[in-house]
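Asker: Sharing a structure with you now.
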Amino acid sequence: MNALQKIGTFGAALAACFAAAYGVGNAVTPVDTDPEPAAHADAGHGDTPEDAEDAGGTGGTGQTAGDTTPGGLQISQDGYTLDLGTQRVAADRASELRLTIRDANGRPVTEFAREHEKELHLIVASRDLTTFRHLHPERAADGTWSTRATLPEPGGYRVFADFRPAAEKEGLTLGADLAVSGPYEPTALPPVQATASVDGYEVELSGALKAGEESELAFTVTRDGRPVTDLEPYLGAYGHLVALRSGDLAYLHVHPHEEATGTAVSGSPEVAFTAAAPSAGDYRLFLDFKVGGEVRTAAFTVTAGERPAGEPTRNAPADEEAPHDH
C-alpha cells in the first residue's frame with residue numbers, strides 16, 4: 001500500500017470514528033476560530049463575476065454547477081491529489097502544516113490560478129465542528145505549501161485545500177484527515193439560537209439552507225443594537241461563508257450576492273449568499289466578516305431539509321419542544 005492509499009485509509013477510519021449524529025435545527029453559537037494574523041493580513045478574495053464564470057461558474061466552491069459530489073470528501077479527484085505532509089500535531093501548540101498538490105503523474109503542481117486573490121485557501125475544521133481555521137499558506141518553489149496554526153483541542157480534524165490549477169478551468173476542493181494528539185471527548189453540535197455573538201458584535205441569520213436547491217442566507221451584523229455600517233471588504237466581499245456537513249464534513253464554499261459585494265452597496269450591515277446543500281442533514285456555517293481591520297467568525301448550525309415531526313433538536317431535553325426553524 002503506497003503513502004497516499006494509507007492517507008485515504010486513515011481518513012476513512014477517522015471519519016467513521018468521529019461522525020456526528022443527525023437532527024439539529026438552525027443554531028448559532030460562538031466557535032473557536034482564533035484567526036491567525038499572518039494568514040488574514042493580506043487576504044483578498046477579489047474576483048469579478050467574470051472570473052468566477054471562467055473558473056467554472058461556482059465562485060470557488062470546488063464544485064461545478066452540475067456536480068453532485070460534495071467537495072472535500074476526496075483526497076484525489078480529476079487527476080490531482082492532496083499530499084498532506086503533516087498528519088499529526090500536538091494540541092494547543094503552534095505547528096507547521098505542510099502539503100503538496102500532485103498531478104496524475106505524482107509531480108508537484110507549481111502553477112495555480114489566483115482565485116479570490118489567493119492561489120490556495122486552506123480550511124481546517126475539527127470533526128465536531130467547534131474549531132475552524134481559514135488560512136492562506138505560502139508556496140515554495142518546489143510546490144510545497146506551508147503555514148503555522150494552533151489547534152486547541154485534541155481529536156480528529158479535516159484539512160481542505162481549495163484551489164484551481166493554472167491548466168484547469170474549474171476549481172477543486174480536496175480533503176485529508178489530520179490527527180491532533182491528546183485525550184479526546186467529542187462535543188455535541190451546538191444548540192439552536194437565532195444569533196451569534198463574537199467580540200461584542202451580534203450576527204443574525206435569516207433564511208434556510210435547502211437540500212438539492214438554491215436558497216438565500218442573509219446575515220445582519222449589529223453592535224449595541226445598532227447596524228454595523230462599516231464592514232470592510234474581506235476576500236473581495238463584505239463576508240465570506242464556508243459550510244460543512246456534520247458527520248462527513250462535506251464542503252460547500254459560497255460567496256455573497258453580487259449586489260452585496262464589491263460593486264456593492266457599502267455601508268450595509270447585511271451580507272446575503274446563495275447556497276445549495278448537497279443533501280438533507282445538519283451543517284455548520286462559518287461566516288467571516290471584517291471590521292476595524294480584524295476578521296471575526298460567527299458560527300451557525302442549520303438543518304437542510306425538514307426535521308421529522310416530534311423529533312427534538314440535538315442538546316434539547318427529550319420532553320422539551322424543539323425550537324422552530326428560522
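In the C-alpha cells, chains take the letters A, B, ... in the order shown, each chain's residues start at 1, and ligands count up from 1 in the order shown.
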Can you build me a table of stretch 178-236 of chain A residues sitting at most 7 Å from stretch 272-293 of chain A, with the closest atom pair per residue and its distance in Å to one decimal, using only C-alpha atoms, sorted by chain and residue number, as CSV?
Answerer:
```
residue,atom,partner,partner_atom,distance
A:Leu209,CA,A:Ala277,CA,6.6
A:Lys210,CA,A:Ala277,CA,5.8
A:Ala211,CA,A:Ala277,CA,4.7
A:Gly212,CA,A:Pro278,CA,5.5
A:Glu213,CA,A:Ala276,CA,5.2
A:Glu214,CA,A:Ala276,CA,4.4
A:Ser215,CA,A:Thr274,CA,5.6
A:Glu216,CA,A:Thr274,CA,4.7
A:Leu217,CA,A:Phe273,CA,5.2
A:Ala218,CA,A:Ala272,CA,4.1
A:Phe219,CA,A:Ala272,CA,6.3
A:Asp230,CA,A:Val291,CA,6.7
A:Leu231,CA,A:Val291,CA,5.2
A:Glu232,CA,A:Lys290,CA,5.3
A:Pro233,CA,A:Lys290,CA,6.9
A:Tyr234,CA,A:Lys290,CA,6.1
```
Asker: Okay, now the selection with all heavy atoms, as a tab-separated table (two decimals), in the first residue's frame?
Answerer:
```
chain	number	residue	atom	x	y	z
A	209	LEU	N	-31.25	26.92	4.68
A	209	LEU	CA	-30.48	26.11	3.75
A	209	LEU	C	-31.35	24.96	3.26
A	209	LEU	O	-31.98	24.27	4.06
A	209	LEU	CB	-29.23	25.56	4.45
A	209	LEU	CG	-28.20	24.84	3.58
A	209	LEU	CD1	-27.58	25.79	2.57
A	209	LEU	CD2	-27.12	24.22	4.47
A	210	LYS	N	-31.41	24.77	1.94
A	210	LYS	CA	-32.27	23.74	1.37
A	210	LYS	C	-31.44	22.66	0.69
A	210	LYS	O	-30.38	22.93	0.14
A	210	LYS	CB	-33.26	24.36	0.37
A	210	LYS	CG	-34.22	25.35	1.01
A	210	LYS	CD	-35.20	25.91	0.00
A	210	LYS	CE	-36.17	26.89	0.64
A	210	LYS	NZ	-37.13	27.45	-0.35
A	211	ALA	N	-31.95	21.45	0.74
A	211	ALA	CA	-31.25	20.32	0.12
A	211	ALA	C	-31.60	20.22	-1.35
A	211	ALA	O	-32.77	20.21	-1.73
A	211	ALA	CB	-31.63	19.02	0.82
A	212	GLY	N	-30.56	20.21	-2.20
A	212	GLY	CA	-30.76	19.99	-3.62
A	212	GLY	C	-31.27	21.18	-4.39
A	212	GLY	O	-31.55	21.07	-5.59
A	213	GLU	N	-31.39	22.34	-3.76
A	213	GLU	CA	-31.82	23.54	-4.48
A	213	GLU	C	-31.23	24.77	-3.82
A	213	GLU	O	-30.87	24.76	-2.65
A	213	GLU	CB	-33.35	23.65	-4.51
A	213	GLU	CG	-34.00	23.78	-3.14
A	213	GLU	CD	-35.50	23.95	-3.24
A	213	GLU	OE1	-35.95	24.97	-3.79
A	213	GLU	OE2	-36.23	23.05	-2.77
A	214	GLU	N	-31.13	25.84	-4.61
A	214	GLU	CA	-30.53	27.06	-4.09
A	214	GLU	C	-31.50	27.80	-3.18
A	214	GLU	O	-32.71	27.79	-3.39
A	214	GLU	CB	-30.11	27.96	-5.25
A	214	GLU	CG	-28.94	27.42	-6.05
A	214	GLU	CD	-28.44	28.41	-7.08
A	214	GLU	OE1	-29.20	29.36	-7.39
A	214	GLU	OE2	-27.31	28.25	-7.57
A	215	SER	N	-30.95	28.45	-2.18
A	215	SER	CA	-31.74	29.29	-1.29
A	215	SER	C	-30.86	30.43	-0.80
A	215	SER	O	-29.63	30.40	-0.94
A	215	SER	CB	-32.27	28.48	-0.10
A	215	SER	OG	-31.19	27.96	0.67
A	216	GLU	N	-31.49	31.44	-0.24
A	216	GLU	CA	-30.75	32.61	0.21
A	216	GLU	C	-30.53	32.56	1.72
A	216	GLU	O	-31.44	32.24	2.49
A	216	GLU	CB	-31.50	33.88	-0.15
A	216	GLU	CG	-30.77	35.15	0.29
A	216	GLU	CD	-31.48	36.42	-0.13
A	216	GLU	OE1	-31.68	36.60	-1.35
A	216	GLU	OE2	-31.85	37.22	0.75
A	217	LEU	N	-29.31	32.89	2.10
A	217	LEU	CA	-28.95	33.04	3.51
A	217	LEU	C	-28.46	34.47	3.69
A	217	LEU	O	-27.58	34.93	2.96
A	217	LEU	CB	-27.85	32.06	3.90
A	217	LEU	CG	-28.15	30.57	3.73
A	217	LEU	CD1	-26.88	29.75	3.97
A	217	LEU	CD2	-29.26	30.13	4.66
A	218	ALA	N	-29.04	35.20	4.63
A	218	ALA	CA	-28.66	36.59	4.86
A	218	ALA	C	-28.18	36.75	6.30
A	218	ALA	O	-28.77	36.21	7.23
A	218	ALA	CB	-29.84	37.52	4.58
A	219	PHE	N	-27.10	37.51	6.46
A	219	PHE	CA	-26.51	37.74	7.77
A	219	PHE	C	-26.48	39.25	8.02
A	219	PHE	O	-25.98	40.01	7.20
A	219	PHE	CB	-25.09	37.18	7.83
A	219	PHE	CG	-25.00	35.70	7.59
A	219	PHE	CD1	-24.93	35.20	6.29
A	219	PHE	CD2	-24.99	34.81	8.64
A	219	PHE	CE1	-24.85	33.83	6.06
A	219	PHE	CE2	-24.92	33.44	8.42
A	219	PHE	CZ	-24.85	32.96	7.13
A	230	ASP	N	-19.91	49.82	8.76
A	230	ASP	CA	-18.52	49.98	8.30
A	230	ASP	C	-17.85	48.62	8.11
A	230	ASP	O	-16.65	48.47	8.37
A	230	ASP	CB	-17.72	50.85	9.26
A	230	ASP	CG	-17.72	50.31	10.69
A	230	ASP	OD1	-18.51	49.39	10.99
A	230	ASP	OD2	-16.91	50.81	11.51
A	231	LEU	N	-18.61	47.63	7.64
A	231	LEU	CA	-18.00	46.36	7.26
A	231	LEU	C	-16.95	46.62	6.18
A	231	LEU	O	-17.17	47.43	5.27
A	231	LEU	CB	-19.05	45.38	6.73
A	231	LEU	CG	-20.07	44.85	7.73
A	231	LEU	CD1	-21.09	43.96	7.00
A	231	LEU	CD2	-19.40	44.07	8.85
A	232	GLU	N	-15.83	45.94	6.28
A	232	GLU	CA	-14.73	46.14	5.32
A	232	GLU	C	-14.63	44.93	4.40
A	232	GLU	O	-14.95	43.80	4.79
A	232	GLU	CB	-13.42	46.32	6.08
A	232	GLU	CG	-13.44	47.51	7.01
A	232	GLU	CD	-12.24	47.53	7.96
A	232	GLU	OE1	-11.31	46.71	7.74
A	232	GLU	OE2	-12.24	48.34	8.89
A	233	PRO	N	-14.21	45.14	3.16
A	233	PRO	CA	-14.04	44.00	2.24
A	233	PRO	C	-13.07	42.98	2.81
A	233	PRO	O	-12.01	43.34	3.33
A	233	PRO	CB	-13.49	44.65	0.96
A	233	PRO	CG	-13.96	46.06	1.03
A	233	PRO	CD	-13.92	46.43	2.49
A	234	TYR	N	-13.46	41.74	2.74
A	234	TYR	CA	-12.60	40.63	3.14
A	234	TYR	C	-12.71	39.56	2.07
A	234	TYR	O	-13.81	39.12	1.75
A	234	TYR	CB	-13.01	40.08	4.50
A	234	TYR	CG	-12.28	38.81	4.87
A	234	TYR	CD1	-10.88	38.80	4.96
A	234	TYR	CD2	-12.96	37.63	5.11
A	234	TYR	CE1	-10.20	37.64	5.29
A	234	TYR	CE2	-12.28	36.47	5.44
A	234	TYR	CZ	-10.90	36.47	5.53
A	234	TYR	OH	-10.23	35.33	5.84
```
Asker: Check the smallest atom-to-atom distance from each of A:Ala90, A:Val180, A:Leu82, A:Leu122 to A:Gly106 using only C-alpha atoms, then report the winner.
Answerer: A:Leu82
Asker: What is the atom CA of A:Lys118 to atom CA of A:Leu97 distance in Å?
Answerer: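 Interatomic distance, atom CA of A:Lys118 to atom CA of A:Leu97: 17.5 Å.
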Asker: Can you pull out the residues contacting stretch 124-127 of chain A? Cut-off 7 Å, using only C-alpha atoms, and skip same-chain residues under 5 positions away; I want them as a short mmCIF file (atom, residue, chain, number, x, y, z; two decimals) with N, CA and C atoms, in the first residue's frame.
Answerer:
```cif
data_model
loop_
_atom_site.label_atom_id
_atom_site.label_comp_id
_atom_site.auth_asym_id
_atom_site.auth_seq_id
_atom_site.Cartn_x
_atom_site.Cartn_y
_atom_site.Cartn_z
N PHE A 18 -15.47 9.71 14.17
CA PHE A 18 -15.92 11.00 14.68
C PHE A 18 -17.18 11.51 14.02
N PHE A 132 -12.41 26.07 13.88
CA PHE A 132 -12.38 26.41 12.46
C PHE A 132 -11.22 27.36 12.21
N ARG A 133 -10.47 27.08 11.16
CA ARG A 133 -9.39 27.98 10.74
C ARG A 133 -9.47 28.18 9.22
N HIS A 134 -9.32 29.41 8.79
CA HIS A 134 -9.21 29.73 7.37
C HIS A 134 -7.84 30.35 7.17
N GLY A 156 -9.99 14.49 15.95
CA GLY A 156 -9.87 14.41 14.52
C GLY A 156 -10.22 15.73 13.86
N TYR A 157 -9.44 16.11 12.87
CA TYR A 157 -9.66 17.34 12.11
C TYR A 157 -9.66 16.99 10.62
N ARG A 158 -10.27 17.85 9.83
CA ARG A 158 -10.25 17.72 8.39
C ARG A 158 -9.57 18.95 7.80
N VAL A 159 -8.67 18.70 6.84
CA VAL A 159 -7.95 19.77 6.15
C VAL A 159 -8.47 19.83 4.72
N PHE A 160 -8.88 21.02 4.29
CA PHE A 160 -9.42 21.22 2.95
C PHE A 160 -8.50 22.17 2.16
#
```
Asker: Quick one: everything within 10 Å of A:Glu270, counting only C-alpha atoms, minus sequence neighbours fewer than 5 positions away in the same chain. Send it as a VMD selection string.
Answerer: chain A and resid 203 to 205 218 to 222 227 to 229 231 238 to 239 260 265
Asker: Kindly indicate which residue among A:Arg296, A:His116, A:His136, A:Arg245 lies nearest to A:Gly72, using only C-alpha atoms for the distances.
Answerer: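 Of the candidates, the smallest distance to A:Gly72 is held by A:Arg245.
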Asker: Report, in Å with one decimal, the straight-line distance from atom CA of A:Ala104 to atom CA of A:Ala166.
Answerer: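 Separation of atom CA of A:Ala104 and atom CA of A:Ala166: 14.8 Å.
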Asker: With only C-alpha atoms as the basis for distance, which of A:Pro154, A:Pro108, A:Gly200, A:Gly236 is at the shortest distance from A:Arg139?
Answerer: A:Pro108
Asker: Can you check which residues of stretch 229-283 of chain A DSSP gives as strand (DSSP E) on the backbone and send them as a list in words?
Answerer: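 After running DSSP on the backbone, stretch 229-283 of chain A has strand (DSSP E) at His240, Leu241, Val242, Ala243, Leu244, Arg245, Tyr251, Leu252, His253, Val254, Glu270, Val271, Ala272, Phe273, Thr274, Ala275, Gly281, Asp282 and Tyr283 of chain A.
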Asker: Go through A:Gly175, A:Pro152, A:Pro191, A:Pro165 one by one, measure the shortest atom-to-atom distance of each to A:Gln74 using only C-alpha atoms, and give the residue with the smallest value.
Answerer: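 Ranked by minimum distance to A:Gln74, first place goes to A:Gly175.
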Asker: Pick the closest to A:Gly71 from A:Ala176, A:Val271, A:Ala237, A:Ala304: which is it, counting only C-alpha atoms?
Answerer: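 Under the stated criterion, the closest residue is A:Ala176.
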Asker: I'd like the interatomic distance between atom CA of A:Asp199 and atom CA of A:Val295, to a tenth of an Å.
Answerer: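 Computing it gives 10.6 Å between the two atoms.
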Asker: Can you tell me which residues surround A:Thr150 at a distance of at most 7 Å, considering only C-alpha atoms, apart from same-chain residues fewer than 2 positions away, and format the answer as a PyMOL selection string?
Answerer: chain A and resi 92-95+152
